[in-house]
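Pasted below: target-v7.txt, compact mmCIF, C-alpha atoms.
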# COMPACT_ATOMS: atom_id res chain seq x y z
CA MET A 1 9.98 38.95 61.08
CA SER A 2 9.30 42.47 62.26
CA LYS A 3 9.09 43.33 65.94
CA PRO A 4 5.55 43.83 67.25
CA SER A 5 6.26 47.53 67.86
CA GLN A 6 7.18 48.02 64.18
CA ASP A 7 4.26 45.96 62.85
CA MET A 8 1.60 48.39 61.72
CA ARG A 9 -0.91 45.63 60.99
CA THR A 10 -3.77 44.88 63.35
CA PRO A 11 -4.11 41.36 64.80
CA LEU A 12 -6.96 40.78 62.33
CA GLY A 13 -4.74 41.86 59.45
CA ARG A 14 -2.05 39.41 60.50
CA VAL A 15 -4.56 36.57 60.74
CA ARG A 16 -5.93 37.39 57.30
CA GLY A 17 -2.51 36.81 55.85
CA LEU A 18 -2.75 33.10 56.52
CA GLY A 19 -6.13 32.37 58.09
CA ALA A 20 -7.27 29.82 60.63
CA ALA A 21 -5.62 26.91 58.80
CA ARG A 22 -2.22 28.66 59.31
CA GLU A 23 -1.22 27.88 55.75
CA GLY A 24 -3.28 30.44 53.88
CA THR A 25 -3.82 29.51 50.26
CA GLY A 26 -0.95 26.99 50.38
CA HIS A 27 -3.19 23.96 49.84
CA PHE A 28 -4.99 25.58 46.91
CA TRP A 29 -1.76 26.84 45.34
CA LEU A 30 0.13 23.53 45.62
CA SER A 31 -2.76 21.63 44.07
CA ARG A 32 -2.61 24.08 41.11
CA VAL A 33 1.20 23.88 40.75
CA THR A 34 1.14 20.07 40.77
CA SER A 35 -1.83 20.02 38.36
CA VAL A 36 -0.02 22.17 35.79
CA ALA A 37 3.08 19.95 36.05
CA LEU A 38 0.91 16.83 35.74
CA ILE A 39 -0.61 17.96 32.44
CA ALA A 40 2.78 17.76 30.73
CA LEU A 41 3.95 14.71 32.71
CA THR A 42 0.75 12.78 31.92
CA PHE A 43 1.27 13.27 28.19
CA PHE A 44 4.76 11.81 28.60
CA VAL A 45 3.64 8.80 30.66
CA VAL A 46 0.61 7.98 28.50
CA GLY A 47 2.80 8.23 25.38
CA LEU A 48 5.40 5.97 26.98
CA LEU A 49 2.82 3.36 28.02
CA VAL A 50 1.20 3.35 24.57
CA ALA A 51 4.67 2.86 23.04
CA LEU A 52 5.35 -0.01 25.49
CA ASN A 53 2.04 -1.72 24.62
CA GLY A 54 2.81 -5.40 24.10
CA ALA A 55 6.54 -4.98 24.82
CA SER A 56 8.45 -7.88 26.38
CA TYR A 57 9.97 -7.96 29.88
CA GLY A 58 13.42 -7.13 28.51
CA GLU A 59 12.17 -4.28 26.33
CA VAL A 60 10.16 -2.71 29.19
CA ARG A 61 13.14 -2.92 31.57
CA ALA A 62 15.52 -1.44 29.00
CA VAL A 63 13.21 1.56 28.46
CA LEU A 64 12.60 2.05 32.22
CA ALA A 65 16.35 1.87 32.86
CA ASN A 66 16.95 4.87 30.60
CA PRO A 67 17.98 7.70 33.01
CA PHE A 68 15.75 10.26 31.30
CA VAL A 69 12.71 7.96 31.44
CA ALA A 70 13.43 6.85 35.03
CA LEU A 71 13.81 10.43 36.27
CA LEU A 72 10.65 11.64 34.54
CA LEU A 73 8.69 8.66 35.88
CA ILE A 74 9.90 9.30 39.44
CA VAL A 75 9.01 13.00 39.15
CA THR A 76 5.59 12.10 37.71
CA ILE A 77 4.85 9.61 40.49
CA LEU A 78 5.94 11.98 43.27
CA THR A 79 4.02 14.93 41.76
CA GLY A 80 0.94 12.76 41.23
CA LEU A 81 1.07 11.36 44.75
CA TYR A 82 1.42 14.83 46.26
CA HIS A 83 -1.50 16.09 44.17
CA MET A 84 -3.73 13.15 45.14
CA TRP A 85 -2.68 13.44 48.79
CA LEU A 86 -3.91 17.05 48.76
CA GLY A 87 -7.10 16.06 46.95
CA MET A 88 -7.93 13.18 49.28
CA GLN A 89 -7.31 15.44 52.28
CA GLU A 90 -9.97 17.78 50.89
CA ILE A 91 -12.42 14.91 50.38
CA ILE A 92 -11.84 13.64 53.94
CA LEU A 93 -12.33 17.10 55.44
CA ASP A 94 -15.60 17.42 53.50
CA TYR A 95 -17.14 14.12 54.55
CA ALA A 96 -15.56 12.96 57.84
CA HIS A 97 -17.53 14.74 60.54
CA SER A 98 -16.23 13.09 63.71
CA ASP A 99 -12.70 13.83 64.87
CA ALA A 100 -11.92 10.12 65.26
CA TRP A 101 -12.78 9.40 61.63
CA LYS A 102 -11.19 12.59 60.38
CA TYR A 103 -7.78 12.08 61.97
CA THR A 104 -7.73 8.34 61.24
CA LEU A 105 -8.47 8.91 57.56
CA LEU A 106 -6.02 11.83 57.29
CA MET A 107 -3.28 9.57 58.68
CA LEU A 108 -4.23 6.68 56.38
CA ASN A 109 -4.13 9.11 53.43
CA THR A 110 -0.54 10.00 54.28
CA PHE A 111 0.48 6.39 54.94
CA PHE A 112 -1.04 5.24 51.64
CA SER A 113 0.60 8.01 49.60
CA VAL A 114 4.03 7.49 51.15
CA ALA A 115 3.81 3.69 50.80
CA VAL A 116 2.87 3.84 47.10
CA GLY A 117 5.62 6.39 46.50
CA ALA A 118 8.26 4.33 48.31
CA VAL A 119 7.35 1.15 46.41
CA CYS A 120 7.32 2.88 43.00
CA VAL A 121 10.52 4.86 43.49
CA PHE A 122 12.39 1.85 44.89
CA SER A 123 11.27 -0.33 41.96
CA LEU A 124 12.26 2.28 39.38
CA LEU A 125 15.67 2.83 40.99
CA LYS A 126 16.21 -0.93 41.17
CA ILE A 127 15.58 -1.21 37.43
CA ALA A 128 17.62 1.93 36.65
CA PHE A 129 20.64 0.69 38.65
CA GLY A 130 20.43 -2.71 37.00
CA GLY A 131 19.13 -4.76 39.96
CA MET B 1 -25.23 33.93 78.73
CA SER B 2 -25.96 30.33 79.60
CA ALA B 3 -26.50 27.55 77.09
CA PRO B 4 -30.16 26.57 76.71
CA ALA B 5 -31.02 23.21 78.23
CA THR B 6 -32.95 22.11 75.16
CA ARG B 7 -32.77 23.45 71.64
CA ALA B 8 -36.06 24.98 70.56
CA LYS B 9 -35.87 23.60 67.01
CA PRO B 10 -33.23 21.75 65.00
CA ARG B 11 -30.76 23.79 63.00
CA PRO B 12 -31.68 24.12 59.31
CA LEU B 13 -30.00 21.69 56.94
CA SER B 14 -29.58 22.03 53.20
CA PRO B 15 -31.48 19.37 51.22
CA HIS B 16 -29.63 16.17 50.37
CA VAL B 17 -27.79 16.30 47.04
CA MET B 18 -30.29 13.85 45.50
CA HIS B 19 -33.11 16.41 45.80
CA TYR B 20 -31.56 18.67 43.17
CA LYS B 21 -32.07 18.43 39.42
CA ILE B 22 -28.74 17.31 37.94
CA LEU B 23 -27.08 20.13 36.01
CA PRO B 24 -23.96 19.80 33.79
CA THR B 25 -21.70 21.81 36.13
CA MET B 26 -22.91 19.79 39.12
CA LEU B 27 -22.48 16.48 37.28
CA MET B 28 -18.92 17.37 36.19
CA SER B 29 -18.05 18.55 39.68
CA GLY B 30 -19.08 15.13 41.02
CA ILE B 31 -17.25 13.32 38.20
CA HIS B 32 -14.12 15.36 38.92
CA ARG B 33 -14.11 14.25 42.55
CA ILE B 34 -15.02 10.62 41.81
CA SER B 35 -12.43 10.33 39.00
CA GLY B 36 -9.84 11.87 41.33
CA ALA B 37 -10.63 9.28 44.00
CA ALA B 38 -10.49 6.52 41.36
CA LEU B 39 -7.06 7.74 40.21
CA TYR B 40 -5.98 7.75 43.86
CA PHE B 41 -6.58 4.00 44.16
CA GLY B 42 -5.44 3.53 40.57
CA THR B 43 -1.90 4.28 41.75
CA LEU B 44 -1.99 0.75 43.24
CA LEU B 45 -2.16 -0.55 39.67
CA VAL B 46 0.84 1.61 38.72
CA ALA B 47 2.78 0.34 41.76
CA TRP B 48 1.83 -3.25 40.87
CA TRP B 49 3.07 -2.90 37.28
CA VAL B 50 6.31 -1.11 38.27
CA THR B 51 7.14 -3.69 40.96
CA ALA B 52 6.44 -6.44 38.44
CA ALA B 53 8.91 -4.85 36.02
CA ALA B 54 11.47 -4.72 38.85
CA GLY B 55 10.78 -8.34 39.79
CA PRO B 56 11.24 -11.70 38.05
CA GLU B 57 10.21 -12.24 34.43
CA ASP B 58 7.53 -14.86 35.23
CA TYR B 59 5.75 -12.44 37.52
CA PHE B 60 5.93 -9.61 34.97
CA ASN B 61 4.42 -11.91 32.35
CA PHE B 62 1.62 -12.84 34.77
CA VAL B 63 0.83 -9.13 35.43
CA SER B 64 0.94 -8.42 31.68
CA TRP B 65 -1.45 -11.30 31.13
CA VAL B 66 -3.89 -9.98 33.76
CA LEU B 67 -3.75 -6.43 32.35
CA GLY B 68 -4.13 -7.83 28.81
CA SER B 69 -7.22 -9.90 29.68
CA TRP B 70 -10.64 -8.44 28.79
CA ILE B 71 -11.28 -7.42 32.39
CA GLY B 72 -7.81 -5.87 32.66
CA GLN B 73 -8.35 -3.96 29.43
CA LEU B 74 -11.74 -2.78 30.71
CA VAL B 75 -10.12 -1.49 33.91
CA LEU B 76 -7.38 0.25 31.89
CA PHE B 77 -10.02 1.78 29.60
CA GLY B 78 -11.79 3.15 32.68
CA TYR B 79 -8.44 4.32 34.05
CA THR B 80 -7.65 6.32 30.90
CA TRP B 81 -11.11 7.91 30.93
CA ALA B 82 -10.71 8.84 34.61
CA LEU B 83 -7.29 10.33 33.83
CA ILE B 84 -8.52 12.32 30.81
CA VAL B 85 -11.77 13.56 32.38
CA HIS B 86 -9.90 14.58 35.55
CA MET B 87 -7.22 16.38 33.52
CA LEU B 88 -9.80 18.24 31.42
CA GLY B 89 -11.73 19.07 34.60
CA GLY B 90 -8.50 20.38 36.08
CA ILE B 91 -7.83 22.54 33.02
CA ARG B 92 -11.40 23.84 33.39
CA HIS B 93 -10.59 24.79 36.99
CA LEU B 94 -7.38 26.52 35.87
CA ILE B 95 -9.43 28.54 33.35
CA TRP B 96 -11.92 29.43 36.08
CA ASP B 97 -9.04 30.46 38.36
CA THR B 98 -8.28 33.30 35.93
CA GLY B 99 -11.86 34.51 36.37
CA SER B 100 -12.91 33.53 32.84
CA TYR B 101 -16.00 31.51 31.82
CA LEU B 102 -17.49 31.66 35.30
CA GLU B 103 -20.80 33.04 34.09
CA LYS B 104 -23.69 30.56 34.32
CA HIS B 105 -24.10 29.75 30.62
CA THR B 106 -20.40 29.65 29.75
CA ALA B 107 -19.70 27.48 32.81
CA THR B 108 -22.38 25.05 31.62
CA LYS B 109 -20.93 24.98 28.10
CA LEU B 110 -17.47 24.33 29.52
CA ALA B 111 -18.83 21.47 31.64
CA ILE B 112 -20.52 19.82 28.63
CA ALA B 113 -17.37 20.35 26.51
CA THR B 114 -15.29 18.62 29.22
CA LEU B 115 -17.51 15.54 29.19
CA VAL B 116 -17.76 15.28 25.38
CA LEU B 117 -14.05 15.89 24.83
CA SER B 118 -13.08 13.35 27.52
CA ILE B 119 -15.09 10.62 25.76
CA VAL B 120 -13.75 11.58 22.31
CA LEU B 121 -10.12 11.62 23.52
CA THR B 122 -10.46 8.32 25.42
CA VAL B 123 -11.95 6.56 22.39
CA ALA B 124 -9.30 8.16 20.11
CA LEU B 125 -6.48 7.00 22.43
CA TRP B 126 -7.79 3.43 22.45
CA ALA B 127 -8.25 3.52 18.70
CA VAL B 128 -4.53 4.34 18.44
CA ILE B 129 -3.65 1.54 20.89
CA ILE B 130 -5.73 -1.05 19.00
CA TRP B 131 -4.48 0.21 15.62
CA ALA B 132 -0.85 -0.07 16.83
CA ARG B 133 -1.54 -3.58 18.13
CA MET B 134 -3.00 -4.72 14.81
CA GLY B 135 -0.05 -3.25 12.92
CA ALA B 136 2.44 -5.08 15.14
Here is the file; what I need is its structure written in the form of structure tokens.
Amino acid sequence: MSKPSQDMRTPLGRVRGLGAAREGTGHFWLSRVTSVALIALTFFVVGLLVALNGASYGEVRAVLANPFVALLLIVTILTGLYHMWLGMQEIILDYAHSDAWKYTLLMLNTFFSVAVGAVCVFSLLKIAFGG
Amino acid sequence: MSAPATRAKPRPLSPHVMHYKILPTMLMSGIHRISGAALYFGTLLVAWWVTAAAGPEDYFNFVSWVLGSWIGQLVLFGYTWALIVHMLGGIRHLIWDTGSYLEKHTATKLAIATLVLSIVLTVALWAVIIWARMGA
């Protein structure tokens, strides 16, 4: 960070760097990064699920226990949850007009995303580590 | 400056969404948001299936039976369409982000292409699933 005396930008210029949300285009950019990753990851998961169509309990667990499959599934779930967390935040900010509703729903969005992620990752690790 | 005690007339509001003629870009914008919200709650289904695979065999077989029932298959069919239409909609947004196809007529064509392709790909995917099932 430069000292104020060395900063040639005006206060307005500094604000324009990040804007009133204090994160600039961070939300937009992260939704794009996760979306690009999800294109490839979705092809993998859909392919995997089609291949597992009608598979038995033992067969499904054997495939999910494969380190490559387990890692890709965990990455897919975490990327997907982060993407949907961003998306739902946008929906809430569009439609929730009172502060009470807005902050309640924003919190629930985070709780839901973290809970789903924790359950999925724990289950996949349990299978992968032979539990 | 002091705030007026009463407002002379209410602030103007844009008409409710239902007053507009539905256009392809508008329809696909709505579908993108609704399919995104559906996929959001669809993660519960993923969590259910993954926990079942991590749990006892009886429970996994029960979940497989539910998902294999006609209502389960209908939900999964809807899930795949939501996934495909949201992905194609996302690719459309990525194209727009480069500044391409933003012009009115090309944007409309892209919106129609998204809808048609999403239906074609969903039906094709399920044709593969059913074909694989019959072969097995």
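Shown here are all protein and nucleic acid residues lying within 12 Å of (2.5, -13.5, 32.2), with all atoms listed in the file considered: Gly54, Ala55, Ser56 and Tyr57 of chain A; Trp49, Ala52, Ala53, Pro56, Glu57, Asp58, Tyr59, Phe60, Asn61, Phe62, Val63, Ser64, Trp65, Val66, Leu67, Gly68 and Ser69 of chain B.
With all atoms listed in the file as the atoms that count, the minimum distance from chain B to the choices A:Leu78, A:Leu52, A:Leu124, A:Ala62 is reached by A:Leu124.
CA of Leu86 in chain A is found 14.4 Å from CA of Lys102 in chain A.
For the residues A:Met84, A:Val114, A:Val119, A:Leu71, ranking by smallest atom-to-atom distance to Ala38 in chain B using only C-alpha atoms places A:Met84 first.
Contacts from chain A to chain B at a cut-off of 8 Å (all atoms listed in the file) map to Arg32, Ser35, Ile39, Val50, Asn53, Gly54, Tyr57, Val60, Arg61, Leu81, Met84, Gly87, Met88, Val116, Val119, Cys120, Ser123, Leu124, Lys126, Ile127 and Gly131 of chain A.
You will find CA of Ile119 in chain B at 14.3 Å from CA of Leu76 in chain B.
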